[in-house]
Amino acid sequence: MTLIKSISGIRGTIGGKVGDNLTPVDAVKFASAYGTFLKQNISKDKLTVVIGRDARISGPMIHNLVVNTLIGLGIDVIDLGLSTTPTVEVAVPLEKADGGIILTASHNPKQWNALKLLNAKGEFLSGADGAKILEIAEAEAFDFSDVDSLGTVTENDAYMDIHIDEVLNLPLVDAEAVAKRKFKVVVDGVNSSGGIIIPKLLEQMGVEVVKLYCEPNGHFPHNPEPLKEHLGDICKLVVDEKADFGIVVDPDVDRLAFISNDGEMFGEEYTLVAVADYVLSKTPGNTVSNMSSSRALRDITEKHHGSYQASAVGEVNVVELMKATNAIIGGEGNGGIIYPEIHYGRDALVGVALFLTHLANQAQTVAEMRAAYPQYFMSKNKIELTPQIDVDNVMKQIAEKYASENLSTIDGVKIDFPMEWVHLRKSNTEPIIRIYTEAPTQNAADVLAERFVSELKQIAGI
């Protein structure tokens, strides 16, 4: 299945048949559904939507289709052109717009693209709103405007600079302190918009930048998901350049990973841990991450006398719980930093600026900083089940077996043992159970994972 319709939007591979892939017809259909949804739910004479895209090869094509569809619905468009997910999220409320669409498939390979849908706050739509849009798309219940009521387009290519200014104006970002340290940083922008905006931010903070794959041409030089197995080039370059550290972002710049000065991965789970450590040291409070994220954030939060809570997986769920608990900072273990002081969305720029300020105040290298944090190791596995197996029943039996443990069933089954945890989640699209474990050693995490893989197979009879 290469066309995935979900509450957060639509994503798919370019080309192929209508309804099976993200074809021009599908792009128009879902842009029409989104625009129709806004018109049905906002009582204004004229609506405005902000549009931005990453540097994917298919970006200009999808971009033109979506912009002109909204015009056809009588909606005005503020076109940011080449942009980032957090930049569009920042722009929507600043422009007092009624919504936003980001054209990006995030960390997916180059053949993918997607429409990510925002509300008037610049935040991802709720599950209920996303479901309504899918219903409108299915029914094709569109009513386009007559020739005298068509929308207009206003181009504004200043928003990456505006976004940088918003980050630099944050009280906890100290560009002067960073500049004094004369840091040297390697940036892997995976040939997308991060290759423009991250070096610009760094240069304005007085950092010497070494660029790697920073041409926004959409030809990703490696798998764009910022995982260790994809990042050999920057790990080597950090050492060769004797840089203080390396920065890796995904194509739409909402995920952030660091490379330590020794060329080793800082660990994407620890991006949020390090940034939260700094934020909490200045503004104590609560934190939130999702259930599949490292326990290290809980430890750091408690060190600063705050309270930590875990949400169901998904940015919308993290944001919802952050608002409910007045969390100072939160995010996801995939390198997503959510800092409400600027906006409720994952933002690599915010993460970079706060991390640099934190580092500027430390008399230690990035590798030494990483070694000082609580040490946890994760194992990520999955098992495939035949369609005949009742996955919900398998999960229910696991929950019953471990009912006496510290257990949560908010999102699958999460079991918190004293020294380690396991999180079991059912896939929404196929009979797969994902098994994530974390423990103080890699061996313990692997052993725990093997144990639950075995137990699940036994219950399922495979």
# chains A, B, ... in the order shown; residues from 1 in each chain; ligands from 1

call {"tool": "residues_around", "arguments": {"residues": "region 307-317 of chain A", "least_positions_apart": "5", "cutoff": "9 Å", "atoms": "only C-alpha atoms", "output": "VMD selection string"}}
result
chain A and resid 8 123 to 127 285 to 293 297 to 299 301 to 302 322 325 327 331 to 332 336 345 to 346 410 to 412

call {"tool": "residues_around", "arguments": {"residues": "region 192-202 of chain A", "least_positions_apart": "6", "cutoff": "8 Å", "atoms": "only C-alpha atoms", "output": "PyMOL selection string"}}
result
chain A and resi 54-56+82-84+160-161+164+208-209+211+213-218+220+249-253+349

call {"tool": "residues_around", "arguments": {"residues": "region 17-32 of chain A", "least_positions_apart": "6", "cutoff": "8 Å", "atoms": "only C-alpha atoms", "output": "ChimeraX atom specification"}}
result
/A:1-3,10-11,62,65-66,69-70,73,113-115,133-134,137,140,142

call {"tool": "write_last_selection", "arguments": {"atoms": "all heavy atoms", "output": "CSV table (one decimal), in the first residue's frame"}}
result
chain,number,residue,atom,x,y,z
A,1,MET,N,0.8,-1.2,0.0
A,1,MET,CA,0.0,0.0,0.0
A,1,MET,C,0.9,1.2,0.0
A,1,MET,O,1.7,1.4,0.9
A,1,MET,CB,-0.9,0.0,1.2
A,1,MET,CG,-1.9,1.2,1.3
A,1,MET,SD,-3.1,1.1,2.6
A,1,MET,CE,-2.0,1.2,4.0
A,2,THR,N,0.8,2.1,-1.0
A,2,THR,CA,1.7,3.2,-1.1
A,2,THR,C,0.9,4.5,-1.0
A,2,THR,O,1.5,5.6,-1.2
A,2,THR,CB,2.5,3.2,-2.4
A,2,THR,OG1,1.6,2.9,-3.5
A,2,THR,CG2,3.5,2.1,-2.4
A,3,LEU,N,-0.4,4.5,-0.8
A,3,LEU,CA,-1.2,5.7,-0.5
A,3,LEU,C,-1.8,5.5,0.9
A,3,LEU,O,-2.6,4.6,1.1
A,3,LEU,CB,-2.3,5.9,-1.5
A,3,LEU,CG,-3.1,7.2,-1.3
A,3,LEU,CD1,-2.2,8.5,-1.6
A,3,LEU,CD2,-4.3,7.3,-2.1
A,10,ILE,N,-2.4,12.9,4.2
A,10,ILE,CA,-2.3,11.9,3.2
A,10,ILE,C,-0.8,11.8,2.7
A,10,ILE,O,-0.2,12.8,2.4
A,10,ILE,CB,-3.2,12.1,2.0
A,10,ILE,CG1,-3.0,11.1,0.9
A,10,ILE,CG2,-3.1,13.5,1.4
A,10,ILE,CD1,-4.0,11.2,-0.3
A,11,ARG,N,-0.3,10.6,2.6
A,11,ARG,CA,1.1,10.5,2.0
A,11,ARG,C,1.1,9.3,1.1
A,11,ARG,O,0.4,8.3,1.3
A,11,ARG,CB,2.1,10.4,3.1
A,11,ARG,CG,2.0,9.2,4.0
A,11,ARG,CD,2.9,9.3,5.2
A,11,ARG,NE,2.7,8.3,6.2
A,11,ARG,CZ,3.4,7.2,6.4
A,11,ARG,NH1,4.5,7.0,5.6
A,11,ARG,NH2,3.2,6.3,7.3
A,62,ILE,N,3.4,19.0,-6.8
A,62,ILE,CA,2.4,18.9,-5.7
A,62,ILE,C,2.0,20.2,-5.2
A,62,ILE,O,0.8,20.5,-5.0
A,62,ILE,CB,2.8,17.9,-4.6
A,62,ILE,CG1,3.1,16.5,-5.1
A,62,ILE,CG2,1.8,17.9,-3.5
A,62,ILE,CD1,2.0,15.8,-5.6
A,65,LEU,N,-0.4,22.1,-7.6
A,65,LEU,CA,-1.7,21.4,-7.6
A,65,LEU,C,-2.5,21.9,-6.3
A,65,LEU,O,-3.7,22.2,-6.4
A,65,LEU,CB,-1.6,19.9,-7.6
A,65,LEU,CG,-1.1,19.3,-8.9
A,65,LEU,CD1,-0.6,17.9,-8.7
A,65,LEU,CD2,-2.2,19.3,-10.0
A,66,VAL,N,-1.9,21.8,-5.2
A,66,VAL,CA,-2.5,22.2,-3.9
A,66,VAL,C,-2.9,23.7,-3.9
A,66,VAL,O,-4.0,24.0,-3.5
A,66,VAL,CB,-1.6,21.8,-2.7
A,66,VAL,CG1,-2.2,22.3,-1.4
A,66,VAL,CG2,-1.5,20.2,-2.6
A,69,THR,N,-5.8,24.4,-6.2
A,69,THR,CA,-7.0,23.8,-5.7
A,69,THR,C,-7.6,24.7,-4.7
A,69,THR,O,-8.9,25.0,-4.7
A,69,THR,CB,-6.8,22.4,-5.1
A,69,THR,OG1,-6.2,21.6,-6.1
A,69,THR,CG2,-8.0,21.8,-4.6
A,70,LEU,N,-6.8,25.2,-3.8
A,70,LEU,CA,-7.4,26.1,-2.7
A,70,LEU,C,-7.9,27.4,-3.4
A,70,LEU,O,-8.9,27.9,-3.0
A,70,LEU,CB,-6.3,26.4,-1.7
A,70,LEU,CG,-5.8,25.3,-0.8
A,70,LEU,CD1,-4.7,25.6,0.1
A,70,LEU,CD2,-7.0,24.7,0.0
A,73,LEU,N,-11.2,27.0,-4.6
A,73,LEU,CA,-12.3,26.9,-3.5
A,73,LEU,C,-12.5,28.3,-3.0
A,73,LEU,O,-13.3,28.5,-2.0
A,73,LEU,CB,-11.8,26.0,-2.4
A,73,LEU,CG,-11.8,24.5,-2.7
A,73,LEU,CD1,-11.0,23.7,-1.7
A,73,LEU,CD2,-13.3,24.0,-2.6
A,113,ASN,N,5.8,11.7,-1.0
A,113,ASN,CA,5.4,13.1,-0.7
A,113,ASN,C,4.1,13.0,0.1
A,113,ASN,O,3.5,11.9,0.2
A,113,ASN,CB,5.3,14.0,-1.8
A,113,ASN,CG,5.7,15.4,-1.5
A,113,ASN,OD1,5.5,15.9,-0.3
A,113,ASN,ND2,6.3,16.2,-2.4
A,114,ALA,N,3.7,14.1,0.7
A,114,ALA,CA,2.5,14.1,1.6
A,114,ALA,C,2.0,15.5,1.8
A,114,ALA,O,2.7,16.5,1.6
A,114,ALA,CB,2.9,13.5,2.9
A,115,LEU,N,0.7,15.5,2.2
A,115,LEU,CA,0.1,16.8,2.7
A,115,LEU,C,-0.1,16.7,4.2
A,115,LEU,O,-0.9,15.8,4.7
A,115,LEU,CB,-1.3,17.0,2.0
A,115,LEU,CG,-1.4,17.4,0.6
A,115,LEU,CD1,-0.8,16.4,-0.4
A,115,LEU,CD2,-2.8,17.7,0.2
A,133,ILE,N,-12.2,15.2,7.4
A,133,ILE,CA,-11.6,15.5,6.1
A,133,ILE,C,-11.6,14.2,5.2
A,133,ILE,O,-11.9,14.3,4.0
A,133,ILE,CB,-10.2,16.1,6.3
A,133,ILE,CG1,-10.4,17.5,6.9
A,133,ILE,CG2,-9.4,16.1,5.0
A,133,ILE,CD1,-9.1,18.1,7.4
A,134,LEU,N,-11.3,13.1,5.8
A,134,LEU,CA,-11.3,11.8,5.1
A,134,LEU,C,-12.7,11.5,4.6
A,134,LEU,O,-12.8,11.0,3.4
A,134,LEU,CB,-10.7,10.7,5.9
A,134,LEU,CG,-9.2,10.8,6.3
A,134,LEU,CD1,-8.9,9.5,7.1
A,134,LEU,CD2,-8.3,10.9,5.1
A,137,ALA,N,-13.4,13.8,1.6
A,137,ALA,CA,-12.6,13.3,0.4
A,137,ALA,C,-13.3,12.1,-0.2
A,137,ALA,O,-13.4,12.0,-1.4
A,137,ALA,CB,-11.2,13.0,0.8
A,140,GLU,N,-16.3,13.2,-2.0
A,140,GLU,CA,-16.0,14.2,-3.0
A,140,GLU,C,-17.1,15.3,-3.0
A,140,GLU,O,-17.6,15.8,-4.0
A,140,GLU,CB,-15.9,13.5,-4.4
A,140,GLU,CG,-14.8,12.6,-4.5
A,140,GLU,CD,-14.5,12.1,-5.9
A,140,GLU,OE1,-15.1,12.6,-6.8
A,140,GLU,OE2,-13.5,11.3,-6.1
A,142,PHE,N,-17.4,18.5,-2.8
A,142,PHE,CA,-16.7,19.8,-2.9
A,142,PHE,C,-17.6,20.8,-3.7
A,142,PHE,O,-18.3,20.4,-4.6
A,142,PHE,CB,-15.4,19.6,-3.8
A,142,PHE,CG,-14.6,18.4,-3.4
A,142,PHE,CD1,-14.1,17.6,-4.4
A,142,PHE,CD2,-14.3,18.1,-2.1
A,142,PHE,CE1,-13.3,16.4,-4.0
A,142,PHE,CE2,-13.5,17.0,-1.7
A,142,PHE,CZ,-13.0,16.2,-2.7

call {"tool": "closest_residue", "arguments": {"among": "A:Gln375, A:Gln204, A:Thr365, A:Gln40", "to": "Glu269 (chain A)", "atoms": "only C-alpha atoms"}}
result
A:Gln375

call {"tool": "select_by_dssp", "arguments": {"residues": "region 67-228 of chain A", "states": "strand (DSSP E)", "output": "ChimeraX atom specification"}}
result
/A:76-82,99-103,112-118,153-155,184-188,208-212

call {"tool": "write_last_selection", "arguments": {"atoms": "C-alpha atoms", "output": "mmCIF file, in the first residue's frame"}}
result
data_model
loop_
_atom_site.group_PDB
_atom_site.id
_atom_site.type_symbol
_atom_site.label_atom_id
_atom_site.label_comp_id
_atom_site.auth_asym_id
_atom_site.auth_seq_id
_atom_site.Cartn_x
_atom_site.Cartn_y
_atom_site.Cartn_z
ATOM 1 C CA ASP A 76 -6.433 32.900 -0.271
ATOM 2 C CA VAL A 77 -2.974 31.330 -0.084
ATOM 3 C CA ILE A 78 0.173 32.640 1.572
ATOM 4 C CA ASP A 79 2.889 30.756 -0.289
ATOM 5 C CA LEU A 80 6.156 30.311 1.638
ATOM 6 C CA GLY A 81 7.717 28.257 -1.150
ATOM 7 C CA LEU A 82 10.689 26.189 0.057
ATOM 8 C CA GLY A 99 -4.840 26.718 8.564
ATOM 9 C CA GLY A 100 -1.720 25.441 6.872
ATOM 10 C CA ILE A 101 -0.462 22.650 4.655
ATOM 11 C CA ILE A 102 3.096 21.375 4.631
ATOM 12 C CA LEU A 103 4.073 19.366 1.571
ATOM 13 C CA TRP A 112 7.274 9.844 -1.272
ATOM 14 C CA ASN A 113 5.416 13.083 -0.655
ATOM 15 C CA ALA A 114 2.534 14.103 1.591
ATOM 16 C CA LEU A 115 0.076 16.771 2.675
ATOM 17 C CA LYS A 116 0.434 17.522 6.405
ATOM 18 C CA LEU A 117 -2.564 19.494 7.646
ATOM 19 C CA LEU A 118 -2.600 22.229 10.308
ATOM 20 C CA VAL A 153 -1.791 33.983 -3.858
ATOM 21 C CA THR A 154 0.658 36.071 -1.834
ATOM 22 C CA GLU A 155 4.259 34.865 -1.998
ATOM 23 C CA LYS A 184 32.724 24.554 14.718
ATOM 24 C CA VAL A 185 29.770 22.414 13.609
ATOM 25 C CA VAL A 186 29.157 20.083 10.641
ATOM 26 C CA VAL A 187 25.609 20.164 9.203
ATOM 27 C CA ASP A 188 24.021 17.377 7.119
ATOM 28 C CA GLU A 208 31.610 28.170 12.046
ATOM 29 C CA VAL A 209 29.643 25.891 9.726
ATOM 30 C CA VAL A 210 30.940 22.988 7.639
ATOM 31 C CA LYS A 211 28.204 22.062 5.135
ATOM 32 C CA LEU A 212 27.519 18.501 4.035
#

call {"tool": "decode", "arguments": {"residues": "region 140-183 of chain A", "atoms": "N, CA and C atoms", "output": "PDB file, in the first residue's frame"}}
result
ATOM      1  N   GLU A 140     -16.335  13.156  -1.966  1.00  0.00           N
ATOM      2  CA  GLU A 140     -16.042  14.180  -2.980  1.00  0.00           C
ATOM      3  C   GLU A 140     -17.083  15.293  -2.953  1.00  0.00           C
ATOM      4  N   ALA A 141     -17.409  15.728  -1.727  1.00  0.00           N
ATOM      5  CA  ALA A 141     -18.449  16.746  -1.516  1.00  0.00           C
ATOM      6  C   ALA A 141     -17.844  18.141  -1.590  1.00  0.00           C
ATOM      7  N   PHE A 142     -17.360  18.511  -2.768  1.00  0.00           N
ATOM      8  CA  PHE A 142     -16.677  19.788  -2.941  1.00  0.00           C
ATOM      9  C   PHE A 142     -17.589  20.777  -3.673  1.00  0.00           C
ATOM     10  N   ASP A 143     -17.465  22.044  -3.306  1.00  0.00           N
ATOM     11  CA  ASP A 143     -18.226  23.097  -3.982  1.00  0.00           C
ATOM     12  C   ASP A 143     -17.249  24.227  -4.295  1.00  0.00           C
ATOM     13  N   PHE A 144     -16.833  24.315  -5.548  1.00  0.00           N
ATOM     14  CA  PHE A 144     -15.803  25.284  -5.932  1.00  0.00           C
ATOM     15  C   PHE A 144     -16.418  26.657  -6.213  1.00  0.00           C
ATOM     16  N   SER A 145     -15.568  27.670  -6.132  1.00  0.00           N
ATOM     17  CA  SER A 145     -16.028  29.053  -6.245  1.00  0.00           C
ATOM     18  C   SER A 145     -16.212  29.485  -7.700  1.00  0.00           C
ATOM     19  N   ASP A 146     -17.080  30.481  -7.891  1.00  0.00           N
ATOM     20  CA  ASP A 146     -17.257  31.024  -9.240  1.00  0.00           C
ATOM     21  C   ASP A 146     -16.082  31.950  -9.573  1.00  0.00           C
ATOM     22  N   VAL A 147     -16.053  32.424 -10.789  1.00  0.00           N
ATOM     23  CA  VAL A 147     -14.878  33.137 -11.296  1.00  0.00           C
ATOM     24  C   VAL A 147     -14.601  34.443 -10.551  1.00  0.00           C
ATOM     25  N   ASP A 148     -15.638  35.055  -9.988  1.00  0.00           N
ATOM     26  CA  ASP A 148     -15.432  36.310  -9.265  1.00  0.00           C
ATOM     27  C   ASP A 148     -15.041  36.103  -7.804  1.00  0.00           C
ATOM     28  N   SER A 149     -15.015  34.853  -7.366  1.00  0.00           N
ATOM     29  CA  SER A 149     -14.736  34.581  -5.950  1.00  0.00           C
ATOM     30  C   SER A 149     -13.488  33.719  -5.740  1.00  0.00           C
ATOM     31  N   LEU A 150     -12.672  33.578  -6.768  1.00  0.00           N
ATOM     32  CA  LEU A 150     -11.467  32.761  -6.642  1.00  0.00           C
ATOM     33  C   LEU A 150     -10.500  33.360  -5.619  1.00  0.00           C
ATOM     34  N   GLY A 151      -9.682  32.496  -5.029  1.00  0.00           N
ATOM     35  CA  GLY A 151      -8.694  32.965  -4.068  1.00  0.00           C
ATOM     36  C   GLY A 151      -7.512  33.629  -4.753  1.00  0.00           C
ATOM     37  N   THR A 152      -6.647  34.228  -3.940  1.00  0.00           N
ATOM     38  CA  THR A 152      -5.434  34.877  -4.450  1.00  0.00           C
ATOM     39  C   THR A 152      -4.216  34.254  -3.799  1.00  0.00           C
ATOM     40  N   VAL A 153      -3.047  34.491  -4.414  1.00  0.00           N
ATOM     41  CA  VAL A 153      -1.791  33.983  -3.858  1.00  0.00           C
ATOM     42  C   VAL A 153      -0.880  35.156  -3.492  1.00  0.00           C
ATOM     43  N   THR A 154      -0.356  35.117  -2.267  1.00  0.00           N
ATOM     44  CA  THR A 154       0.658  36.071  -1.834  1.00  0.00           C
ATOM     45  C   THR A 154       1.926  35.287  -1.536  1.00  0.00           C
ATOM     46  N   GLU A 155       2.995  35.561  -2.243  1.00  0.00           N
ATOM     47  CA  GLU A 155       4.259  34.865  -1.998  1.00  0.00           C
ATOM     48  C   GLU A 155       5.046  35.587  -0.902  1.00  0.00           C
ATOM     49  N   ASN A 156       5.580  34.795   0.025  1.00  0.00           N
ATOM     50  CA  ASN A 156       6.369  35.360   1.123  1.00  0.00           C
ATOM     51  C   ASN A 156       7.515  34.413   1.425  1.00  0.00           C
ATOM     52  N   ASP A 157       8.705  34.767   0.938  1.00  0.00           N
ATOM     53  CA  ASP A 157       9.861  33.883   1.147  1.00  0.00           C
ATOM     54  C   ASP A 157      10.708  34.319   2.344  1.00  0.00           C
ATOM     55  N   ALA A 158      10.142  35.150   3.213  1.00  0.00           N
ATOM     56  CA  ALA A 158      10.903  35.677   4.360  1.00  0.00           C
ATOM     57  C   ALA A 158      10.776  34.811   5.611  1.00  0.00           C
ATOM     58  N   TYR A 159       9.919  33.787   5.565  1.00  0.00           N
ATOM     59  CA  TYR A 159       9.576  33.117   6.819  1.00  0.00           C
ATOM     60  C   TYR A 159      10.676  32.253   7.427  1.00  0.00           C
ATOM     61  N   MET A 160      11.604  31.774   6.621  1.00  0.00           N
ATOM     62  CA  MET A 160      12.710  31.049   7.254  1.00  0.00           C
ATOM     63  C   MET A 160      13.525  32.014   8.118  1.00  0.00           C
ATOM     64  N   ASP A 161      13.720  33.249   7.629  1.00  0.00           N
ATOM     65  CA  ASP A 161      14.421  34.267   8.426  1.00  0.00           C
ATOM     66  C   ASP A 161      13.602  34.686   9.637  1.00  0.00           C
ATOM     67  N   ILE A 162      12.285  34.821   9.454  1.00  0.00           N
ATOM     68  CA  ILE A 162      11.408  35.175  10.578  1.00  0.00           C
ATOM     69  C   ILE A 162      11.454  34.081  11.643  1.00  0.00           C
ATOM     70  N   HIS A 163      11.431  32.826  11.205  1.00  0.00           N
ATOM     71  CA  HIS A 163      11.511  31.689  12.132  1.00  0.00           C
ATOM     72  C   HIS A 163      12.815  31.739  12.931  1.00  0.00           C
ATOM     73  N   ILE A 164      13.922  31.999  12.252  1.00  0.00           N
ATOM     74  CA  ILE A 164      15.220  32.117  12.941  1.00  0.00           C
ATOM     75  C   ILE A 164      15.170  33.230  13.985  1.00  0.00           C
ATOM     76  N   ASP A 165      14.583  34.375  13.613  1.00  0.00           N
ATOM     77  CA  ASP A 165      14.462  35.494  14.556  1.00  0.00           C
ATOM     78  C   ASP A 165      13.639  35.094  15.781  1.00  0.00           C
ATOM     79  N   GLU A 166      12.541  34.373  15.554  1.00  0.00           N
ATOM     80  CA  GLU A 166      11.692  33.924  16.665  1.00  0.00           C
ATOM     81  C   GLU A 166      12.480  33.030  17.628  1.00  0.00           C
ATOM     82  N   VAL A 167      13.325  32.169  17.065  1.00  0.00           N
ATOM     83  CA  VAL A 167      14.149  31.274  17.894  1.00  0.00           C
ATOM     84  C   VAL A 167      15.188  32.069  18.665  1.00  0.00           C
ATOM     85  N   LEU A 168      15.887  32.975  17.995  1.00  0.00           N
ATOM     86  CA  LEU A 168      16.942  33.760  18.642  1.00  0.00           C
ATOM     87  C   LEU A 168      16.390  34.695  19.714  1.00  0.00           C
ATOM     88  N   ASN A 169      15.108  35.051  19.614  1.00  0.00           N
ATOM     89  CA  ASN A 169      14.487  35.941  20.604  1.00  0.00           C
ATOM     90  C   ASN A 169      13.998  35.205  21.852  1.00  0.00           C
ATOM     91  N   LEU A 170      14.098  33.874  21.858  1.00  0.00           N
ATOM     92  CA  LEU A 170      13.680  33.118  23.042  1.00  0.00           C
ATOM     93  C   LEU A 170      14.578  33.473  24.227  1.00  0.00           C
ATOM     94  N   PRO A 171      14.003  33.683  25.422  1.00  0.00           N
ATOM     95  CA  PRO A 171      14.809  34.071  26.591  1.00  0.00           C
ATOM     96  C   PRO A 171      15.937  33.091  26.938  1.00  0.00           C
ATOM     97  N   LEU A 172      15.732  31.801  26.670  1.00  0.00           N
ATOM     98  CA  LEU A 172      16.752  30.812  27.039  1.00  0.00           C
ATOM     99  C   LEU A 172      17.802  30.593  25.948  1.00  0.00           C
ATOM    100  N   VAL A 173      17.685  31.290  24.833  1.00  0.00           N
ATOM    101  CA  VAL A 173      18.702  31.201  23.775  1.00  0.00           C
ATOM    102  C   VAL A 173      19.668  32.375  23.931  1.00  0.00           C
ATOM    103  N   ASP A 174      20.951  32.062  24.073  1.00  0.00           N
ATOM    104  CA  ASP A 174      21.986  33.091  24.302  1.00  0.00           C
ATOM    105  C   ASP A 174      23.021  33.024  23.181  1.00  0.00           C
ATOM    106  N   ALA A 175      22.750  33.751  22.096  1.00  0.00           N
ATOM    107  CA  ALA A 175      23.648  33.719  20.935  1.00  0.00           C
ATOM    108  C   ALA A 175      25.024  34.304  21.274  1.00  0.00           C
ATOM    109  N   GLU A 176      25.072  35.294  22.166  1.00  0.00           N
ATOM    110  CA  GLU A 176      26.357  35.904  22.538  1.00  0.00           C
ATOM    111  C   GLU A 176      27.255  34.899  23.240  1.00  0.00           C
ATOM    112  N   ALA A 177      26.685  34.144  24.169  1.00  0.00           N
ATOM    113  CA  ALA A 177      27.469  33.127  24.888  1.00  0.00           C
ATOM    114  C   ALA A 177      27.980  32.061  23.927  1.00  0.00           C
ATOM    115  N   VAL A 178      27.154  31.705  22.951  1.00  0.00           N
ATOM    116  CA  VAL A 178      27.549  30.699  21.956  1.00  0.00           C
ATOM    117  C   VAL A 178      28.681  31.243  21.087  1.00  0.00           C
ATOM    118  N   ALA A 179      28.549  32.485  20.628  1.00  0.00           N
ATOM    119  CA  ALA A 179      29.559  33.085  19.754  1.00  0.00           C
ATOM    120  C   ALA A 179      30.938  33.137  20.426  1.00  0.00           C
ATOM    121  N   LYS A 180      30.948  33.385  21.732  1.00  0.00           N
ATOM    122  CA  LYS A 180      32.225  33.468  22.464  1.00  0.00           C
ATOM    123  C   LYS A 180      32.991  32.149  22.456  1.00  0.00           C
ATOM    124  N   ARG A 181      32.258  31.049  22.317  1.00  0.00           N
ATOM    125  CA  ARG A 181      32.904  29.731  22.365  1.00  0.00           C
ATOM    126  C   ARG A 181      33.508  29.334  21.019  1.00  0.00           C
ATOM    127  N   LYS A 182      33.180  30.074  19.959  1.00  0.00           N
ATOM    128  CA  LYS A 182      33.747  29.810  18.628  1.00  0.00           C
ATOM    129  C   LYS A 182      33.617  28.325  18.223  1.00  0.00           C
ATOM    130  N   PHE A 183      32.407  27.827  18.318  1.00  0.00           N
ATOM    131  CA  PHE A 183      32.148  26.435  17.968  1.00  0.00           C
ATOM    132  C   PHE A 183      32.286  26.207  16.459  1.00  0.00           C
TER     133      PHE A 183
END
